[in-house]
Amino acid sequence: MATAAHLTPEQVRRRSLQSGTIGAIVEWYEYTVYGVTAALVFGQLFFPNLSPGIGQIVSLASFGVGFLARPIGAFVAGHLGDRLGRKSTLILTFSIMTVATTAIGVMPTYDQVGVAAPLLLCVLRLAQGFAVGGEWGGAAIVAVENAPRARRGYFGSWPQIGVSAGLLLGTAAVSFASWISGDAFGEWGWRVPFLLSAILATVGFFIRLRAAESPAFLAEKAKMDAELERRKAPAAVVFRDHRKPLLITVFGRFAEAGNYYLFTTFILSYVTTTLGVPKSYGLTASMIGAAVNIVMIPVFGALSDRFGRVRTFLVGGALIVITTWPVFALVHTGQLWAIVAGVLLFLALGHAMVYAPLPALYCEMFPTAVRYSGISIGYQMASVLLASFTPALASAMVLWADGSLWMVIAFAIVTTLIAMVAIAFAPDRRDRELDEIGVHSAGPAGASSAPQPHRGVLR
């Protein structure tokens with residue numbers, strides 16, 4: 001096996017892409033398994049003393065608890081990733097996620113240990129959130145920093161399939177566990193998908209250990225000790241000198257952060273508890289939608305290289321706004337084909353189109369020295385602001401509206417419009433080398449963290 005020092009540029013790109021993509025798939029599998037099982041059985045397993053409706057909301061709220069730890073994970077992993085390296089940081093986040101997920105698979109329920117069960121569940125969920133908080137930024141960066149300049153959108157889009165691939169594998173694992181356990185799914189079958197993560201983790205560890213650091217980071221790290229300004233925490237530099245790109249990163253996610261969980265986690269709960277249809281309907285729709293989403297994300301990533309990140313994103317946002325009502329109208333029929341068509345419409349077009357360009361777009365807004373911190377903090381701040389409790393909030397909206405979906409539809413449209421406004425202010429740097437970004441930038445709009453002879457504007 002070739003050592004990192006003897007890898008060709010093509011080998012470095014391939015291994016980096018594999019590390020970012022496979023690692024993201026495994027971590028999002030582990031993250032998805034929690035969301036699916038929370039929607040299906042966690043209410044009765046960990047919150048049985050509550051009424052079914054309230055228990056379902058609390059169960060979905062426990063899903064949101066993990067998002068609270070994501071900004072902390074982003075700060076810690078961002079600091080380590082910008083100072084020590086992307087590779088070692090990604091291995092750390094991967095380890096934390098796998099240990100937490102496996103532990104959930106063997107933990108006791110409320111009937112066995114009482115209130116300690118939901119408390120332990122929330123602690124492990126926080127550990128999952130911490131790991132994911134540092135995962136996305138690193139996976140995106142190792143792909144984008146090692147990509148050819150003209151293909152950064154395409155390379156950066158590959159780790160983005162991790163969410164849907166994880167959704168597909170996680171949902172398939174839950175379906176398989178439900179099939180083999182039958183009526184005993186609530187007793188022991190739900191544990192199977194969590195325990196299977198240990199097998200997937202073995203593959204992920206091997207892939208990540210083979211990856212190499214990007215030349216851009218290695219070159220930047222070599223200069224750090226010689227520059228006093230670099231000694232400051234990367235997060236502090238981001239908040240001081242890169243506020244505009246940070247805000248764009250936060251609000252740009254509003255089109256997909258919460259909406260993704262509306263059309264996956266919330267839909268699973270809605271079709272089973274409100275519509276009263278078999279849970280297999282929602283699971284089937286999620287798996288088919290995720291499979292097509294996996295195919296479409298690299299396509300739109302490549303299109304962003306040709307037509308621009310911002311243009312690709314805005315078209316996708318417009319599609320979400322236009323199709324939100326028809327999608328929910330299809331789901332509300334309770335028919336299997338309609339539920340599948342609705343979820344497919346969102347994941348294959350609108351979501352894929354806004355999600356694919358983000359890694360390249362975000363990486364192109366921050367200089368190398370603070371890139372991990374900048375994109376991780378912004379990305380995960382959006383998760384807390386919007387995505388964290390969206391499934392629980394949507395369930396509450398349905399109750400408030402006496403079963404109507406109009407509040408949920410309005411929520412999806414308004415948040416998408418906010419994202420479109422934010423991304424409209426993002427710069428187009430497709431033709432810039434990553435190590436040039438921030439060199440002549442300073443001030444609140446986005447500055448280099450290194451001392452500069454004069455203050456310029458973001459460009």
# chains A, B, ... in the order shown; residues from 1 in each chain; ligands from 1
>>> select_by_dssp(residues="range 8-242 of chain A", states="alpha helix (DSSP H)", output="PyMOL selection string")
chain A and resi 9-37+43-46+52-68+70-83+86-106+110-113+116-145+152-157+161-181+191-210+215-224+234-241
>>> residues_around(residues="range 16-28 of chain A", least_positions_apart="3", cutoff="6 Å", atoms="only C-alpha atoms", output="ChimeraX atom specification")
/A:12-13,31-32,139,142-143,158-159,162-163,165-166,204,207-208,211
>>> write_last_selection(atoms="N, CA and C atoms", output="mmCIF file, in the first residue's frame")
data_model
loop_
_atom_site.group_PDB
_atom_site.id
_atom_site.type_symbol
_atom_site.label_atom_id
_atom_site.label_comp_id
_atom_site.auth_asym_id
_atom_site.auth_seq_id
_atom_site.Cartn_x
_atom_site.Cartn_y
_atom_site.Cartn_z
ATOM 1 N N VAL A 12 -4.518 10.631 -4.298
ATOM 2 C CA VAL A 12 -4.945 11.476 -3.180
ATOM 3 C C VAL A 12 -6.400 11.891 -3.362
ATOM 4 N N ARG A 13 -6.759 12.298 -4.594
ATOM 5 C CA ARG A 13 -8.145 12.699 -4.871
ATOM 6 C C ARG A 13 -9.102 11.536 -4.647
ATOM 7 N N TYR A 31 -27.007 7.927 12.159
ATOM 8 C CA TYR A 31 -27.868 9.038 12.553
ATOM 9 C C TYR A 31 -29.310 8.785 12.114
ATOM 10 N N THR A 32 -29.478 8.224 10.923
ATOM 11 C CA THR A 32 -30.813 7.973 10.378
ATOM 12 C C THR A 32 -31.551 6.895 11.161
ATOM 13 N N ALA A 139 -15.805 16.176 5.891
ATOM 14 C CA ALA A 139 -16.074 15.384 4.689
ATOM 15 C C ALA A 139 -16.143 16.264 3.454
ATOM 16 N N VAL A 142 -12.360 17.642 2.618
ATOM 17 C CA VAL A 142 -11.391 16.714 2.021
ATOM 18 C C VAL A 142 -11.734 16.436 0.566
ATOM 19 N N ALA A 143 -13.012 16.509 0.226
ATOM 20 C CA ALA A 143 -13.397 16.305 -1.172
ATOM 21 C C ALA A 143 -13.091 17.532 -2.015
ATOM 22 N N TRP A 158 -20.275 14.687 -3.725
ATOM 23 C CA TRP A 158 -20.288 13.270 -3.377
ATOM 24 C C TRP A 158 -20.493 13.011 -1.886
ATOM 25 N N PRO A 159 -19.807 13.714 -0.981
ATOM 26 C CA PRO A 159 -20.135 13.496 0.435
ATOM 27 C C PRO A 159 -21.590 13.837 0.763
ATOM 28 N N GLY A 162 -24.103 11.179 1.306
ATOM 29 C CA GLY A 162 -24.060 10.440 2.558
ATOM 30 C C GLY A 162 -25.372 10.492 3.318
ATOM 31 N N VAL A 163 -26.050 11.644 3.279
ATOM 32 C CA VAL A 163 -27.306 11.784 4.002
ATOM 33 C C VAL A 163 -28.356 10.838 3.438
ATOM 34 N N ALA A 165 -27.841 8.303 1.259
ATOM 35 C CA ALA A 165 -27.377 6.914 1.296
ATOM 36 C C ALA A 165 -27.536 6.348 2.696
ATOM 37 N N GLY A 166 -27.237 7.175 3.695
ATOM 38 C CA GLY A 166 -27.462 6.748 5.073
ATOM 39 C C GLY A 166 -28.931 6.535 5.352
ATOM 40 N N GLY A 204 -15.677 1.881 7.280
ATOM 41 C CA GLY A 204 -15.397 3.316 7.347
ATOM 42 C C GLY A 204 -14.030 3.630 7.915
ATOM 43 N N ILE A 207 -11.288 2.960 5.301
ATOM 44 C CA ILE A 207 -11.270 3.995 4.263
ATOM 45 C C ILE A 207 -10.616 5.267 4.782
ATOM 46 N N ARG A 208 -10.979 5.679 5.973
ATOM 47 C CA ARG A 208 -10.456 6.945 6.489
ATOM 48 C C ARG A 208 -8.987 6.862 6.868
ATOM 49 N N ALA A 211 -6.794 7.617 3.804
ATOM 50 C CA ALA A 211 -6.851 8.939 3.185
ATOM 51 C C ALA A 211 -5.623 9.769 3.566
#
>>> closest_residue(among="A:Leu120, A:Ile294, A:Met365, A:Leu90", to="Glu433 in chain A", atoms="only C-alpha atoms")
A:Met365
>>> residues_around(residues="Arg371 in chain A", least_positions_apart="2", cutoff="12 Å", atoms="only C-alpha atoms", output="ChimeraX atom specification")
/A:74-75,77-83,85-86,137-138,140-142,144-145,216-217,220,234-235,237-238,242,245-246,249,359-369,373-379,434-435,437-438,446,448-449
>>> atom_distance(atom1="CA of Ala348 in chain A", atom2="CA of Val250 in chain A")
23.2 Å
>>> closest_residue(among="A:Leu349, A:Val106, A:Ala419, A:Leu275", to="Thr333 in chain A", atoms="only C-alpha atoms")
A:Leu275
>>> closest_atom_pairs(of="range 94-183 of chain A", to="range 306-318 of chain A", cutoff="10 Å", atoms="only C-alpha atoms", output="CSV")
residue,atom,partner,partner_atom,distance
A:Ala150,CA,A:Arg306,CA,8.5
A:Arg151,CA,A:Arg306,CA,9.0
A:Gly153,CA,A:Arg309,CA,7.6
A:Tyr154,CA,A:Arg306,CA,10.0
>>> residues_around(residues="range 125-132 of chain A", least_positions_apart="6", cutoff="8 Å", atoms="only C-alpha atoms", output="count of residues only")
20
>>> atom_distance(atom1="CA of Ala103 in chain A", atom2="CA of Leu124 in chain A")
7.6 Å
>>> atom_distance(atom1="CA of Phe254 in chain A", atom2="CA of Thr415 in chain A")
5.3 Å
>>> closest_residue(among="A:Thr284, A:Ser269, A:Ser197, A:Ser404", to="Ala338 in chain A", atoms="only C-alpha atoms")
A:Thr284
>>> residues_around(residues="Leu405 in chain A", least_positions_apart="2", cutoff="12 Å", atoms="only C-alpha atoms", output="PDB file with N, CA and C atoms, in the first residue's frame")
ATOM      1  N   LEU A 262     -38.644  17.127   7.280  1.00  0.00           N
ATOM      2  CA  LEU A 262     -40.087  17.130   7.070  1.00  0.00           C
ATOM      3  C   LEU A 262     -40.489  15.976   6.160  1.00  0.00           C
ATOM      4  N   PHE A 266     -40.539  13.303   9.652  1.00  0.00           N
ATOM      5  CA  PHE A 266     -41.915  13.692   9.961  1.00  0.00           C
ATOM      6  C   PHE A 266     -42.930  12.895   9.145  1.00  0.00           C
ATOM      7  N   ILE A 267     -42.634  12.674   7.880  1.00  0.00           N
ATOM      8  CA  ILE A 267     -43.558  11.927   7.023  1.00  0.00           C
ATOM      9  C   ILE A 267     -43.801  10.526   7.576  1.00  0.00           C
ATOM     10  N   TYR A 270     -46.198  10.979  10.371  1.00  0.00           N
ATOM     11  CA  TYR A 270     -47.503  11.488   9.936  1.00  0.00           C
ATOM     12  C   TYR A 270     -48.357  10.401   9.286  1.00  0.00           C
ATOM     13  N   THR A 274     -51.240   9.797  11.963  1.00  0.00           N
ATOM     14  CA  THR A 274     -52.360  10.652  11.554  1.00  0.00           C
ATOM     15  C   THR A 274     -53.206  10.000  10.469  1.00  0.00           C
ATOM     16  N   THR A 324     -44.046  22.308  -2.923  1.00  0.00           N
ATOM     17  CA  THR A 324     -44.338  21.922  -1.537  1.00  0.00           C
ATOM     18  C   THR A 324     -45.805  21.543  -1.347  1.00  0.00           C
ATOM     19  N   TRP A 325     -46.720  22.383  -1.804  1.00  0.00           N
ATOM     20  CA  TRP A 325     -48.140  22.067  -1.630  1.00  0.00           C
ATOM     21  C   TRP A 325     -48.526  20.788  -2.377  1.00  0.00           C
ATOM     22  N   PRO A 326     -48.153  20.624  -3.653  1.00  0.00           N
ATOM     23  CA  PRO A 326     -48.489  19.366  -4.334  1.00  0.00           C
ATOM     24  C   PRO A 326     -47.905  18.131  -3.653  1.00  0.00           C
ATOM     25  N   VAL A 327     -46.694  18.258  -3.105  1.00  0.00           N
ATOM     26  CA  VAL A 327     -46.083  17.112  -2.432  1.00  0.00           C
ATOM     27  C   VAL A 327     -46.914  16.688  -1.231  1.00  0.00           C
ATOM     28  N   PHE A 328     -47.275  17.644  -0.378  1.00  0.00           N
ATOM     29  CA  PHE A 328     -48.066  17.293   0.798  1.00  0.00           C
ATOM     30  C   PHE A 328     -49.477  16.845   0.425  1.00  0.00           C
ATOM     31  N   ALA A 329     -50.014  17.378  -0.666  1.00  0.00           N
ATOM     32  CA  ALA A 329     -51.334  16.936  -1.126  1.00  0.00           C
ATOM     33  C   ALA A 329     -51.284  15.462  -1.520  1.00  0.00           C
ATOM     34  N   LEU A 330     -50.190  15.069  -2.163  1.00  0.00           N
ATOM     35  CA  LEU A 330     -50.020  13.663  -2.534  1.00  0.00           C
ATOM     36  C   LEU A 330     -49.896  12.784  -1.292  1.00  0.00           C
ATOM     37  N   VAL A 331     -49.079  13.217  -0.339  1.00  0.00           N
ATOM     38  CA  VAL A 331     -48.884  12.434   0.875  1.00  0.00           C
ATOM     39  C   VAL A 331     -50.193  12.285   1.641  1.00  0.00           C
ATOM     40  N   HIS A 332     -50.989  13.347   1.667  1.00  0.00           N
ATOM     41  CA  HIS A 332     -52.223  13.361   2.463  1.00  0.00           C
ATOM     42  C   HIS A 332     -53.271  12.366   1.953  1.00  0.00           C
ATOM     43  N   ALA A 394     -43.368  20.175  13.446  1.00  0.00           N
ATOM     44  CA  ALA A 394     -44.358  19.871  12.414  1.00  0.00           C
ATOM     45  C   ALA A 394     -45.509  19.049  12.991  1.00  0.00           C
ATOM     46  N   SER A 395     -45.188  18.086  13.857  1.00  0.00           N
ATOM     47  CA  SER A 395     -46.240  17.303  14.491  1.00  0.00           C
ATOM     48  C   SER A 395     -47.141  18.190  15.340  1.00  0.00           C
ATOM     49  N   ALA A 396     -46.529  19.139  16.054  1.00  0.00           N
ATOM     50  CA  ALA A 396     -47.311  20.069  16.861  1.00  0.00           C
ATOM     51  C   ALA A 396     -48.178  20.961  15.978  1.00  0.00           C
ATOM     52  N   MET A 397     -47.645  21.376  14.830  1.00  0.00           N
ATOM     53  CA  MET A 397     -48.412  22.211  13.899  1.00  0.00           C
ATOM     54  C   MET A 397     -49.658  21.485  13.412  1.00  0.00           C
ATOM     55  N   VAL A 398     -49.515  20.192  13.158  1.00  0.00           N
ATOM     56  CA  VAL A 398     -50.668  19.412  12.705  1.00  0.00           C
ATOM     57  C   VAL A 398     -51.737  19.366  13.793  1.00  0.00           C
ATOM     58  N   LEU A 399     -51.312  19.210  15.051  1.00  0.00           N
ATOM     59  CA  LEU A 399     -52.272  19.204  16.153  1.00  0.00           C
ATOM     60  C   LEU A 399     -52.954  20.565  16.294  1.00  0.00           C
ATOM     61  N   TRP A 400     -52.163  21.634  16.211  1.00  0.00           N
ATOM     62  CA  TRP A 400     -52.714  22.990  16.335  1.00  0.00           C
ATOM     63  C   TRP A 400     -53.712  23.296  15.222  1.00  0.00           C
ATOM     64  N   ALA A 401     -53.446  22.755  14.038  1.00  0.00           N
ATOM     65  CA  ALA A 401     -54.305  23.024  12.884  1.00  0.00           C
ATOM     66  C   ALA A 401     -55.398  21.973  12.714  1.00  0.00           C
ATOM     67  N   ASP A 402     -55.651  21.192  13.766  1.00  0.00           N
ATOM     68  CA  ASP A 402     -56.710  20.176  13.725  1.00  0.00           C
ATOM     69  C   ASP A 402     -56.538  19.190  12.572  1.00  0.00           C
ATOM     70  N   GLY A 403     -55.294  18.763  12.366  1.00  0.00           N
ATOM     71  CA  GLY A 403     -55.016  17.769  11.344  1.00  0.00           C
ATOM     72  C   GLY A 403     -54.652  18.327   9.984  1.00  0.00           C
ATOM     73  N   MET A 407     -50.000  24.803   7.961  1.00  0.00           N
ATOM     74  CA  MET A 407     -48.911  25.441   8.700  1.00  0.00           C
ATOM     75  C   MET A 407     -47.562  24.836   8.313  1.00  0.00           C
ATOM     76  N   VAL A 408     -47.533  23.527   8.119  1.00  0.00           N
ATOM     77  CA  VAL A 408     -46.290  22.856   7.724  1.00  0.00           C
ATOM     78  C   VAL A 408     -45.864  23.311   6.327  1.00  0.00           C
ATOM     79  N   ILE A 409     -46.827  23.435   5.429  1.00  0.00           N
ATOM     80  CA  ILE A 409     -46.530  23.891   4.062  1.00  0.00           C
ATOM     81  C   ILE A 409     -45.970  25.313   4.077  1.00  0.00           C
ATOM     82  N   ALA A 410     -46.600  26.191   4.848  1.00  0.00           N
ATOM     83  CA  ALA A 410     -46.133  27.581   4.940  1.00  0.00           C
ATOM     84  C   ALA A 410     -44.726  27.632   5.518  1.00  0.00           C
ATOM     85  N   PHE A 411     -44.458  26.797   6.506  1.00  0.00           N
ATOM     86  CA  PHE A 411     -43.136  26.737   7.132  1.00  0.00           C
ATOM     87  C   PHE A 411     -42.073  26.368   6.102  1.00  0.00           C
ATOM     88  N   ALA A 412     -42.343  25.352   5.291  1.00  0.00           N
ATOM     89  CA  ALA A 412     -41.378  24.898   4.286  1.00  0.00           C
ATOM     90  C   ALA A 412     -41.111  25.974   3.237  1.00  0.00           C
TER      91      ALA A 412
END
>>> closest_residue(among="A:Val370, A:Asp183, A:Gly35, A:Ser95", to="Leu283 in chain A", atoms="only C-alpha atoms")
A:Gly35
>>> closest_residue(among="A:Val321, A:Ala184, A:Leu336, A:Ala387", to="Tyr260 in chain A", atoms="only C-alpha atoms")
A:Ala387
>>> closest_residue(among="A:Tyr29, A:Phe206, A:Phe389, A:Tyr372", to="Leu169 in chain A", atoms="only C-alpha atoms")
A:Tyr29
